[in-house]
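Engineer: Next up is a structure, given as structure tokens.
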Amino acid sequence: MQAIVFEEFGGPEVLRFTAVEEPHPGPGEVRVAIRAIGVNPMEFKVRRGWFEAFVPTVLPSVPGVEAAGVVDEVGAGVTAFAVGDEVVGWVKGGSYAQYAIADNVVLKPAGLSWEQAVALPVAGETADRVLRELDVEKGETLLIHGAAGAVGTLAVQLAVARGVTVVGTASAANHAYLRELGAVPVTYAEGLVERVRQAAPAGVDAVFDAAGFGALPDSIELRGGTGRIVTVADVAAQGLGVALSLGASTTPGEVADVVGEQLRGLADGTLRVRIDEVLPLAEAAKAQDRSEGGHARGKLVLVP
């Protein structure tokens, strides 16, 4: 099968489109013939070697954890899925490929496109997890950095649905979009602290950093300390005393419940995702370069 592989850490140029051995499922696993692949910021950071202290990488490596596709092989003991089922979720051994092994997927609602479906699992689980870690409640004000991105888009909607006032940082081009989602938009760059204070004169109760581009010092100033600030994107967090949330803290079953409910919301229109660009798998380097630039307006998706 064809896959994307990197054999050393570095820039997008280390990614190669090449033939690798097809995987086959073991007990409790299924094989998925992939139709769409979610590109996430963690992947360029892993490729750069920046997350070796947190997520050690065995080289050569196939990037990616998120995929949507059709079950085409079933391992021993699997009863929840059958060949032909359309599923979406997390895979083992890398999702930037034509096939992958999975043990943590849910059924895809029939009305969703592959691209819509694959835009949700990582972003939706991350948004739900961090909102629970921050314990935001109705009547509070939440500042979300990177509010127009894949994670931010879902975090805004989930928080607004709880009755939380959301102030979202984004480029000016995304402000109208954030207003549609129910957030109060503010622009990045110098003067951010004062703009947030104008947007939320009573202060912010919590900060969710989904951007990872140096927003933590301003966040600490706005909060008057490091309490109730969580980042999913800034490796400088620990040096600043800020919580860094890197992965699902719930069981696969709990994650499936969360993502399954969100997928149903996506199918019935109560939730929305935004696709920035869909690219061929062979152009994974271009997708990761765009992700690393920090200007993607929504989810980047690859298709085999």
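Convention: chains lettered A, B, ... in structure tokens order; per-chain residue numbering from 1; ligands numbered from 1 as shown.
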Would you list the contacts of Val78 of chain A as number ranges by chain, taking every protein, DNA or RNA residue within 7 Å and counting only C-alpha atoms, but skipping same-chain residues closer than 4 positions in sequence?

Structural biologist: A: 28-29, 74

Engineer: Take the selection from the previous step and output its residues with C-alpha atoms, as a JSON list (two decimals), in the first residue's frame.

Structural biologist:
[["chain", "number", "residue", "atom", "x", "y", "z"],
["A", 28, "GLY", "CA", -10.07, -6.92, 18.99],
["A", 29, "GLU", "CA", -8.98, -4.82, 15.99],
["A", 74, "VAL", "CA", -12.08, -7.88, 11.18]]

Engineer: Using DSSP on the backbone, list every residue of segment 34-158 of chain A that comes out as strand (DSSP E or B), and give them as a PyMOL selection string.

Structural biologist: chain A and resi 34-39+61+66-74+86-92+97+99-107+141-145

Engineer: Can you write just those residues out, N, CA, C and O atoms, as a short mmCIF file (atom, residue, chain, number, x, y, z; two decimals), in the first residue's frame?

Structural biologist:
data_model
loop_
_atom_site.label_atom_id
_atom_site.label_comp_id
_atom_site.auth_asym_id
_atom_site.auth_seq_id
_atom_site.Cartn_x
_atom_site.Cartn_y
_atom_site.Cartn_z
N ILE A 34 -9.00 3.41 4.16
CA ILE A 34 -9.17 4.82 4.50
C ILE A 34 -9.73 5.62 3.33
O ILE A 34 -9.29 5.48 2.18
N ARG A 35 -10.70 6.46 3.64
CA ARG A 35 -11.30 7.36 2.66
C ARG A 35 -10.92 8.82 2.91
O ARG A 35 -10.93 9.64 2.00
N ALA A 36 -10.62 9.17 4.17
CA ALA A 36 -10.23 10.55 4.51
C ALA A 36 -9.37 10.52 5.76
O ALA A 36 -9.57 9.69 6.65
N ILE A 37 -8.41 11.43 5.82
CA ILE A 37 -7.42 11.48 6.90
C ILE A 37 -7.42 12.89 7.49
O ILE A 37 -7.32 13.87 6.75
N GLY A 38 -7.51 12.98 8.81
CA GLY A 38 -7.44 14.28 9.46
C GLY A 38 -6.00 14.68 9.73
O GLY A 38 -5.20 13.89 10.23
N VAL A 39 -5.67 15.92 9.37
CA VAL A 39 -4.33 16.47 9.65
C VAL A 39 -4.44 17.33 10.90
O VAL A 39 -5.28 18.23 10.98
N SER A 61 8.47 6.23 10.64
CA SER A 61 7.13 6.39 11.20
C SER A 61 6.15 6.89 10.15
O SER A 61 6.50 7.71 9.29
N GLU A 66 -5.89 9.96 12.96
CA GLU A 66 -7.33 10.17 12.72
C GLU A 66 -7.70 9.78 11.29
O GLU A 66 -7.05 10.21 10.34
N ALA A 67 -8.75 8.96 11.16
CA ALA A 67 -9.15 8.52 9.82
C ALA A 67 -10.62 8.16 9.79
O ALA A 67 -11.24 7.85 10.81
N ALA A 68 -11.16 8.20 8.60
CA ALA A 68 -12.52 7.72 8.33
C ALA A 68 -12.43 6.78 7.14
O ALA A 68 -11.67 7.02 6.20
N GLY A 69 -13.20 5.68 7.18
CA GLY A 69 -13.15 4.74 6.08
C GLY A 69 -14.06 3.56 6.29
O GLY A 69 -14.97 3.58 7.14
N VAL A 70 -13.81 2.52 5.52
CA VAL A 70 -14.67 1.34 5.51
C VAL A 70 -13.93 0.15 6.10
O VAL A 70 -12.79 -0.13 5.70
N VAL A 71 -14.55 -0.54 7.04
CA VAL A 71 -13.95 -1.74 7.61
C VAL A 71 -13.85 -2.80 6.51
O VAL A 71 -14.85 -3.15 5.86
N ASP A 72 -12.63 -3.31 6.28
CA ASP A 72 -12.48 -4.34 5.24
C ASP A 72 -11.86 -5.63 5.76
O ASP A 72 -11.83 -6.63 5.05
N GLU A 73 -11.41 -5.64 7.02
CA GLU A 73 -10.97 -6.87 7.68
C GLU A 73 -11.31 -6.75 9.16
O GLU A 73 -11.23 -5.67 9.74
N VAL A 74 -11.69 -7.88 9.77
CA VAL A 74 -12.08 -7.88 11.18
C VAL A 74 -11.24 -8.91 11.93
O VAL A 74 -11.13 -10.06 11.49
N GLU A 86 -19.02 1.72 7.83
CA GLU A 86 -18.34 3.01 7.65
C GLU A 86 -18.05 3.57 9.03
O GLU A 86 -18.96 3.77 9.85
N VAL A 87 -16.77 3.82 9.32
CA VAL A 87 -16.36 4.20 10.66
C VAL A 87 -15.45 5.42 10.62
O VAL A 87 -14.88 5.77 9.58
N VAL A 88 -15.27 6.02 11.80
CA VAL A 88 -14.39 7.16 11.95
C VAL A 88 -13.82 7.15 13.36
O VAL A 88 -14.50 6.75 14.31
N GLY A 89 -12.55 7.55 13.49
CA GLY A 89 -11.95 7.60 14.82
C GLY A 89 -10.44 7.54 14.76
O GLY A 89 -9.82 8.06 13.84
N TRP A 90 -9.86 6.85 15.76
CA TRP A 90 -8.42 6.80 15.93
C TRP A 90 -7.85 5.49 15.37
O TRP A 90 -8.49 4.44 15.49
N VAL A 91 -6.66 5.56 14.80
CA VAL A 91 -6.02 4.37 14.25
C VAL A 91 -4.64 4.17 14.87
O VAL A 91 -4.08 5.07 15.49
N LYS A 92 -4.11 2.96 14.69
CA LYS A 92 -2.77 2.61 15.17
C LYS A 92 -1.82 2.58 13.99
O LYS A 92 -2.19 2.20 12.88
N ALA A 97 -2.13 6.83 5.19
CA ALA A 97 -1.93 5.59 4.43
C ALA A 97 -3.24 5.15 3.80
O ALA A 97 -4.30 5.72 4.06
N TYR A 99 -4.46 2.04 4.23
CA TYR A 99 -5.10 1.15 5.20
C TYR A 99 -4.49 1.41 6.57
O TYR A 99 -3.31 1.77 6.68
N ALA A 100 -5.29 1.18 7.62
CA ALA A 100 -4.77 1.32 8.97
C ALA A 100 -5.56 0.41 9.90
O ALA A 100 -6.69 0.02 9.61
N ILE A 101 -4.96 0.10 11.04
CA ILE A 101 -5.58 -0.74 12.06
C ILE A 101 -6.20 0.16 13.12
O ILE A 101 -5.62 1.17 13.52
N ALA A 102 -7.39 -0.23 13.59
CA ALA A 102 -8.09 0.59 14.57
C ALA A 102 -8.76 -0.27 15.63
O ALA A 102 -9.18 -1.40 15.36
N ASP A 103 -8.82 0.28 16.85
CA ASP A 103 -9.60 -0.35 17.91
C ASP A 103 -10.42 0.67 18.69
O ASP A 103 -10.97 0.38 19.74
N ASN A 104 -10.49 1.89 18.16
CA ASN A 104 -11.23 2.96 18.84
C ASN A 104 -11.93 3.81 17.79
O ASN A 104 -11.55 4.97 17.55
N VAL A 105 -12.94 3.24 17.16
CA VAL A 105 -13.70 3.95 16.13
C VAL A 105 -15.19 3.85 16.44
O VAL A 105 -15.62 3.02 17.25
N VAL A 106 -15.96 4.71 15.80
CA VAL A 106 -17.43 4.68 15.92
C VAL A 106 -18.02 4.70 14.53
O VAL A 106 -17.36 5.07 13.55
N LEU A 107 -19.28 4.30 14.43
CA LEU A 107 -19.95 4.30 13.13
C LEU A 107 -20.16 5.72 12.64
O LEU A 107 -20.53 6.62 13.42
N THR A 141 -16.91 33.52 31.58
CA THR A 141 -16.33 33.99 30.32
C THR A 141 -15.07 33.19 30.03
O THR A 141 -14.18 33.08 30.87
N LEU A 142 -15.02 32.64 28.84
CA LEU A 142 -13.90 31.80 28.41
C LEU A 142 -13.19 32.46 27.23
O LEU A 142 -13.83 32.85 26.26
N LEU A 143 -11.87 32.58 27.33
CA LEU A 143 -11.05 33.06 26.22
C LEU A 143 -10.48 31.86 25.48
O LEU A 143 -9.86 30.99 26.09
N ILE A 144 -10.72 31.78 24.17
CA ILE A 144 -10.20 30.69 23.34
C ILE A 144 -9.25 31.26 22.31
O ILE A 144 -9.63 32.10 21.48
N HIS A 145 -8.00 30.83 22.37
CA HIS A 145 -7.01 31.21 21.34
C HIS A 145 -7.09 30.22 20.19
O HIS A 145 -7.15 29.01 20.41
#

Engineer: In terms of the shortest atom-to-atom distance over only C-alpha atoms, which of A:Val32, A:Ala215, A:Ala200, A:Val20 is closest to Thr165 of chain A?

Structural biologist: A:Ala200

Engineer: Smallest atom-to-atom distance to Ala211 of chain A: which of A:Val118, A:Ala110, A:Leu181, A:Met42, using only C-alpha atoms?

Structural biologist: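 The answer is A:Met42, which sits nearest to Ala211 of chain A.
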
Engineer: Quick one: residues within 12 Å of segment 235-238 of chain A, only C-alpha atoms, excluding same-chain residues fewer than 4 positions away - as a PyMOL selection string?

Structural biologist: chain A and resi 42+45-46+49-54+209-217+219-220+226+229-231+242-246

Engineer: The selected residues should be written to file as a CSV table (one decimal), in the first residue's frame (atoms: C-alpha atoms).

Structural biologist:
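Writing the result to part11.csv gives the following:
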chain,number,residue,atom,x,y,z
A,42,MET,CA,0.5,17.6,16.7
A,45,LYS,CA,5.4,18.9,16.0
A,46,VAL,CA,6.1,15.1,16.3
A,49,GLY,CA,11.0,16.1,17.1
A,50,TRP,CA,9.5,18.7,19.5
A,51,PHE,CA,7.4,16.2,21.4
A,52,GLU,CA,10.0,13.5,22.0
A,53,ALA,CA,9.8,14.1,25.7
A,54,PHE,CA,6.1,13.5,25.7
A,209,ASP,CA,-5.2,27.8,24.1
A,210,ALA,CA,-5.8,25.9,20.9
A,211,ALA,CA,-3.3,28.0,18.9
A,212,GLY,CA,0.1,27.5,20.5
A,213,PHE,CA,1.7,30.6,19.1
A,214,GLY,CA,3.0,32.4,22.1
A,215,ALA,CA,-0.4,33.3,23.7
A,216,LEU,CA,0.4,32.0,27.2
A,217,PRO,CA,2.1,35.1,28.7
A,219,SER,CA,-3.2,34.7,29.0
A,220,ILE,CA,-1.4,34.6,32.4
A,226,THR,CA,-1.7,30.4,35.8
A,229,ILE,CA,-5.4,28.0,31.7
A,230,VAL,CA,-5.0,24.9,29.6
A,231,THR,CA,-3.0,24.7,26.3
A,242,VAL,CA,0.5,26.2,32.7
A,243,ALA,CA,-1.3,22.9,32.2
A,244,LEU,CA,-0.5,21.1,29.0
A,245,SER,CA,-3.3,18.7,27.9
A,246,LEU,CA,-1.9,16.3,25.3

Engineer: Tell me which protein, DNA and RNA residues are within 6 Å of Gly149 of chain A, counting only C-alpha atoms, leaving out same-chain ones fewer than 4 positions away, and put them as JSON, numbers by chain.

Structural biologist: {"A": [153, 297, 298]}

Engineer: Only N, CA, C and O atoms, please: the residues just picked out, written as a short mmCIF file (atom, residue, chain, number, x, y, z; two decimals), in the first residue's frame.

Structural biologist:
data_model
loop_
_atom_site.label_atom_id
_atom_site.label_comp_id
_atom_site.auth_asym_id
_atom_site.auth_seq_id
_atom_site.Cartn_x
_atom_site.Cartn_y
_atom_site.Cartn_z
N THR A 153 -13.20 25.89 16.71
CA THR A 153 -14.58 25.93 16.20
C THR A 153 -15.52 25.09 17.06
O THR A 153 -16.63 25.52 17.40
N ARG A 297 -7.85 27.74 7.98
CA ARG A 297 -9.18 28.16 8.43
C ARG A 297 -10.08 26.94 8.54
O ARG A 297 -10.94 26.70 7.71
N GLY A 298 -9.84 26.13 9.57
CA GLY A 298 -10.58 24.89 9.73
C GLY A 298 -9.69 23.69 9.53
O GLY A 298 -8.46 23.75 9.67
#

Engineer: Would you list, as a PyMOL selection string, the residues of segment 152-296 of chain A that end up in helix (DSSP H, G or I) under DSSP run on this structure's backbone?

Structural biologist: chain A and resi 152-161+172-181+192-199+216-223+237-240+252-268+281-293

Engineer: Which value, in Å to one decimal, gives the distance between atom CA of Val273 of chain A and atom CA of Gly260 of chain A?

Structural biologist: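 Between atom CA of Val273 of chain A and atom CA of Gly260 of chain A the gap is 14.9 Å.
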
Engineer: Env of Thr270 of chain A: 12 Å cut, atoms = only C-alpha atoms, seq-sep filter 2 positions within chain, self excluded. Answer as a list in words.

Structural biologist: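 Near Thr270 of chain A, the qualifying residues are Leu154, Gln157, Leu158, Ala161, Leu181, Glu261, Gln262, Leu263, Arg264, Gly265, Leu266, Ala267, Asp268, Arg272 and Val273 of chain A.
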
Engineer: Restrict the selected residues to C-alpha atoms and save them as a PDB file, in the first residue's frame.

Structural biologist:
ATOM      1  CA  LEU A 154     -15.937  23.031  18.233  1.00  0.00           C
ATOM      2  CA  GLN A 157     -19.906  25.850  19.975  1.00  0.00           C
ATOM      3  CA  LEU A 158     -19.735  23.494  22.966  1.00  0.00           C
ATOM      4  CA  ALA A 161     -24.219  25.728  24.271  1.00  0.00           C
ATOM      5  CA  LEU A 181     -20.703  30.618  16.089  1.00  0.00           C
ATOM      6  CA  GLU A 261     -22.822  12.211  20.206  1.00  0.00           C
ATOM      7  CA  GLN A 262     -20.895  14.962  18.425  1.00  0.00           C
ATOM      8  CA  LEU A 263     -21.128  13.114  15.104  1.00  0.00           C
ATOM      9  CA  ARG A 264     -24.883  12.934  15.535  1.00  0.00           C
ATOM     10  CA  GLY A 265     -24.887  16.676  16.216  1.00  0.00           C
ATOM     11  CA  LEU A 266     -22.884  17.215  13.052  1.00  0.00           C
ATOM     12  CA  ALA A 267     -25.349  15.090  11.084  1.00  0.00           C
ATOM     13  CA  ASP A 268     -28.426  16.918  12.403  1.00  0.00           C
ATOM     14  CA  ARG A 272     -20.638  22.386  12.455  1.00  0.00           C
ATOM     15  CA  VAL A 273     -17.088  21.905  11.268  1.00  0.00           C
TER      16      VAL A 273
END

Engineer: Might you pull out every residue within 9 Å of segment 166-177 of chain A, with only C-alpha atoms counted and same-chain residues fewer than 5 positions away left off, and present them as a ChimeraX atom specification?

Structural biologist: /A:140-149,152,156,159-160,182-188,192,196,199-200,204,295,297

Engineer: Emit the selected residues as an mmCIF file, in the first residue's frame, including N, CA, C and O atoms.

Structural biologist:
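Writing the result to out-v3.cif gives the following:
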data_model
loop_
_atom_site.group_PDB
_atom_site.id
_atom_site.type_symbol
_atom_site.label_atom_id
_atom_site.label_comp_id
_atom_site.auth_asym_id
_atom_site.auth_seq_id
_atom_site.Cartn_x
_atom_site.Cartn_y
_atom_site.Cartn_z
ATOM 1 N N GLU A 140 -19.986 32.093 32.973
ATOM 2 C CA GLU A 140 -18.565 32.449 32.994
ATOM 3 C C GLU A 140 -18.116 32.928 31.609
ATOM 4 O O GLU A 140 -18.815 32.760 30.608
ATOM 5 N N THR A 141 -16.915 33.518 31.577
ATOM 6 C CA THR A 141 -16.332 33.990 30.322
ATOM 7 C C THR A 141 -15.070 33.194 30.028
ATOM 8 O O THR A 141 -14.175 33.079 30.872
ATOM 9 N N LEU A 142 -15.022 32.636 28.838
ATOM 10 C CA LEU A 142 -13.900 31.801 28.406
ATOM 11 C C LEU A 142 -13.195 32.465 27.234
ATOM 12 O O LEU A 142 -13.831 32.854 26.261
ATOM 13 N N LEU A 143 -11.870 32.577 27.326
ATOM 14 C CA LEU A 143 -11.048 33.063 26.216
ATOM 15 C C LEU A 143 -10.483 31.858 25.479
ATOM 16 O O LEU A 143 -9.857 30.990 26.086
ATOM 17 N N ILE A 144 -10.725 31.785 24.168
ATOM 18 C CA ILE A 144 -10.201 30.693 23.339
ATOM 19 C C ILE A 144 -9.245 31.258 22.307
ATOM 20 O O ILE A 144 -9.628 32.099 21.485
ATOM 21 N N HIS A 145 -7.999 30.830 22.366
ATOM 22 C CA HIS A 145 -7.014 31.214 21.343
ATOM 23 C C HIS A 145 -7.086 30.217 20.191
ATOM 24 O O HIS A 145 -7.150 29.009 20.411
ATOM 25 N N GLY A 146 -7.062 30.722 18.966
ATOM 26 C CA GLY A 146 -7.217 29.841 17.809
ATOM 27 C C GLY A 146 -8.654 29.417 17.647
ATOM 28 O O GLY A 146 -8.950 28.285 17.258
ATOM 29 N N ALA A 147 -9.577 30.346 17.901
ATOM 30 C CA ALA A 147 -10.999 30.002 17.958
ATOM 31 C C ALA A 147 -11.588 29.621 16.611
ATOM 32 O O ALA A 147 -12.636 28.973 16.563
ATOM 33 N N ALA A 148 -10.946 29.991 15.516
ATOM 34 C CA ALA A 148 -11.483 29.666 14.200
ATOM 35 C C ALA A 148 -10.890 28.392 13.613
ATOM 36 O O ALA A 148 -11.279 27.977 12.522
ATOM 37 N N GLY A 149 -9.969 27.764 14.335
ATOM 38 C CA GLY A 149 -9.383 26.517 13.863
ATOM 39 C C GLY A 149 -10.304 25.335 14.110
ATOM 40 O O GLY A 149 -11.437 25.489 14.598
ATOM 41 N N GLY A 152 -10.815 24.955 17.916
ATOM 42 C CA GLY A 152 -11.488 26.151 18.401
ATOM 43 C C GLY A 152 -12.934 26.244 17.962
ATOM 44 O O GLY A 152 -13.812 26.636 18.745
ATOM 45 N N VAL A 156 -15.787 26.567 20.770
ATOM 46 C CA VAL A 156 -16.700 27.712 20.829
ATOM 47 C C VAL A 156 -18.146 27.224 20.910
ATOM 48 O O VAL A 156 -18.930 27.651 21.770
ATOM 49 N N ALA A 159 -18.985 25.438 24.249
ATOM 50 C CA ALA A 159 -19.035 26.371 25.373
ATOM 51 C C ALA A 159 -20.274 27.258 25.298
ATOM 52 O O ALA A 159 -20.962 27.469 26.310
ATOM 53 N N VAL A 160 -20.573 27.779 24.115
ATOM 54 C CA VAL A 160 -21.763 28.619 23.953
ATOM 55 C C VAL A 160 -23.018 27.841 24.318
ATOM 56 O O VAL A 160 -23.936 28.365 24.950
ATOM 57 N N GLY A 182 -21.232 32.392 17.664
ATOM 58 C CA GLY A 182 -21.664 32.915 18.954
ATOM 59 C C GLY A 182 -20.569 33.487 19.812
ATOM 60 O O GLY A 182 -20.787 33.790 20.994
ATOM 61 N N ALA A 183 -19.363 33.653 19.261
ATOM 62 C CA ALA A 183 -18.237 34.192 20.022
ATOM 63 C C ALA A 183 -18.049 35.678 19.758
ATOM 64 O O ALA A 183 -18.497 36.207 18.735
ATOM 65 N N VAL A 184 -17.344 36.334 20.679
ATOM 66 C CA VAL A 184 -16.922 37.723 20.509
ATOM 67 C C VAL A 184 -15.491 37.681 19.983
ATOM 68 O O VAL A 184 -14.574 37.242 20.699
ATOM 69 N N PRO A 185 -15.246 38.087 18.745
ATOM 70 C CA PRO A 185 -13.898 37.946 18.187
ATOM 71 C C PRO A 185 -12.970 39.096 18.568
ATOM 72 O O PRO A 185 -13.398 40.249 18.684
ATOM 73 N N VAL A 186 -11.700 38.775 18.774
ATOM 74 C CA VAL A 186 -10.655 39.781 18.953
ATOM 75 C C VAL A 186 -9.466 39.375 18.092
ATOM 76 O O VAL A 186 -9.267 38.195 17.808
ATOM 77 N N THR A 187 -8.673 40.356 17.696
ATOM 78 C CA THR A 187 -7.569 40.117 16.768
ATOM 79 C C THR A 187 -6.292 39.772 17.524
ATOM 80 O O THR A 187 -6.029 40.288 18.605
ATOM 81 N N TYR A 188 -5.485 38.890 16.915
ATOM 82 C CA TYR A 188 -4.157 38.577 17.447
ATOM 83 C C TYR A 188 -3.263 39.820 17.408
ATOM 84 O O TYR A 188 -3.688 40.882 16.981
ATOM 85 N N LEU A 192 -3.118 42.658 22.426
ATOM 86 C CA LEU A 192 -4.169 41.665 22.637
ATOM 87 C C LEU A 192 -4.793 41.772 24.026
ATOM 88 O O LEU A 192 -6.014 41.695 24.174
ATOM 89 N N VAL A 196 -8.800 42.200 24.708
ATOM 90 C CA VAL A 196 -9.604 41.222 25.442
ATOM 91 C C VAL A 196 -10.299 41.890 26.626
ATOM 92 O O VAL A 196 -11.474 41.622 26.908
ATOM 93 N N ALA A 199 -13.262 43.616 25.418
ATOM 94 C CA ALA A 199 -14.330 42.681 25.050
ATOM 95 C C ALA A 199 -14.955 42.019 26.272
ATOM 96 O O ALA A 199 -16.131 41.639 26.250
ATOM 97 N N ALA A 200 -14.162 41.866 27.339
ATOM 98 C CA ALA A 200 -14.648 41.212 28.565
ATOM 99 C C ALA A 200 -14.239 42.055 29.771
ATOM 100 O O ALA A 200 -13.306 41.702 30.500
ATOM 101 N N VAL A 204 -11.732 37.419 32.357
ATOM 102 C CA VAL A 204 -11.963 36.072 31.827
ATOM 103 C C VAL A 204 -11.762 35.057 32.945
ATOM 104 O O VAL A 204 -10.840 35.184 33.759
ATOM 105 N N HIS A 295 -2.218 29.147 9.709
ATOM 106 C CA HIS A 295 -3.242 29.980 9.076
ATOM 107 C C HIS A 295 -4.382 29.170 8.451
ATOM 108 O O HIS A 295 -5.191 29.719 7.709
ATOM 109 N N ARG A 297 -7.852 27.739 7.978
ATOM 110 C CA ARG A 297 -9.181 28.161 8.435
ATOM 111 C C ARG A 297 -10.081 26.937 8.538
ATOM 112 O O ARG A 297 -10.935 26.701 7.713
#

Engineer: Need to verify the contact set: Pro280 of chain A, 6 Å, only C-alpha atoms, exclusion of same-chain residues closer than 3 positions in sequence. Can you return it as a list in words?

Structural biologist: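 Within the cut-off, the hits are Glu283, Leu302 and Val303 of chain A.
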
Engineer: Restricting the calculation to only C-alpha atoms: of A:Asp289, A:Glu254, A:Asp135, A:Glu190, which residue gets closest to Arg228 of chain A?

Structural biologist: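 Ranked by minimum distance to Arg228 of chain A, first place goes to A:Asp135.
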
Engineer: Can you work out which one of A:Ala296, A:Ala155, A:Val259, A:Ala285 has the shortest atom-to-atom distance to Arg16 of chain A, counting only C-alpha atoms?

Structural biologist: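 Counting only C-alpha atoms, the residue closest to Arg16 of chain A is A:Ala285.
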
Engineer: Could you tell me how far atom CA of Gly11 of chain A sits from atom CA of Val62 of chain A, in Å to one decimal place?

Structural biologist: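 So the answer is 14.8 Å.
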
Engineer: I'd like to know which of A:Ala189, A:Ala80, A:Phe208, A:Val14 is closest to Asp234 of chain A, using only C-alpha atoms.

Structural biologist: A:Phe208

Engineer: As an exercise, work out the distance from atom CA of Val255 of chain A to atom CA of Ala3 of chain A in Å and give it to one decimal place.

Structural biologist: 26.8 Å
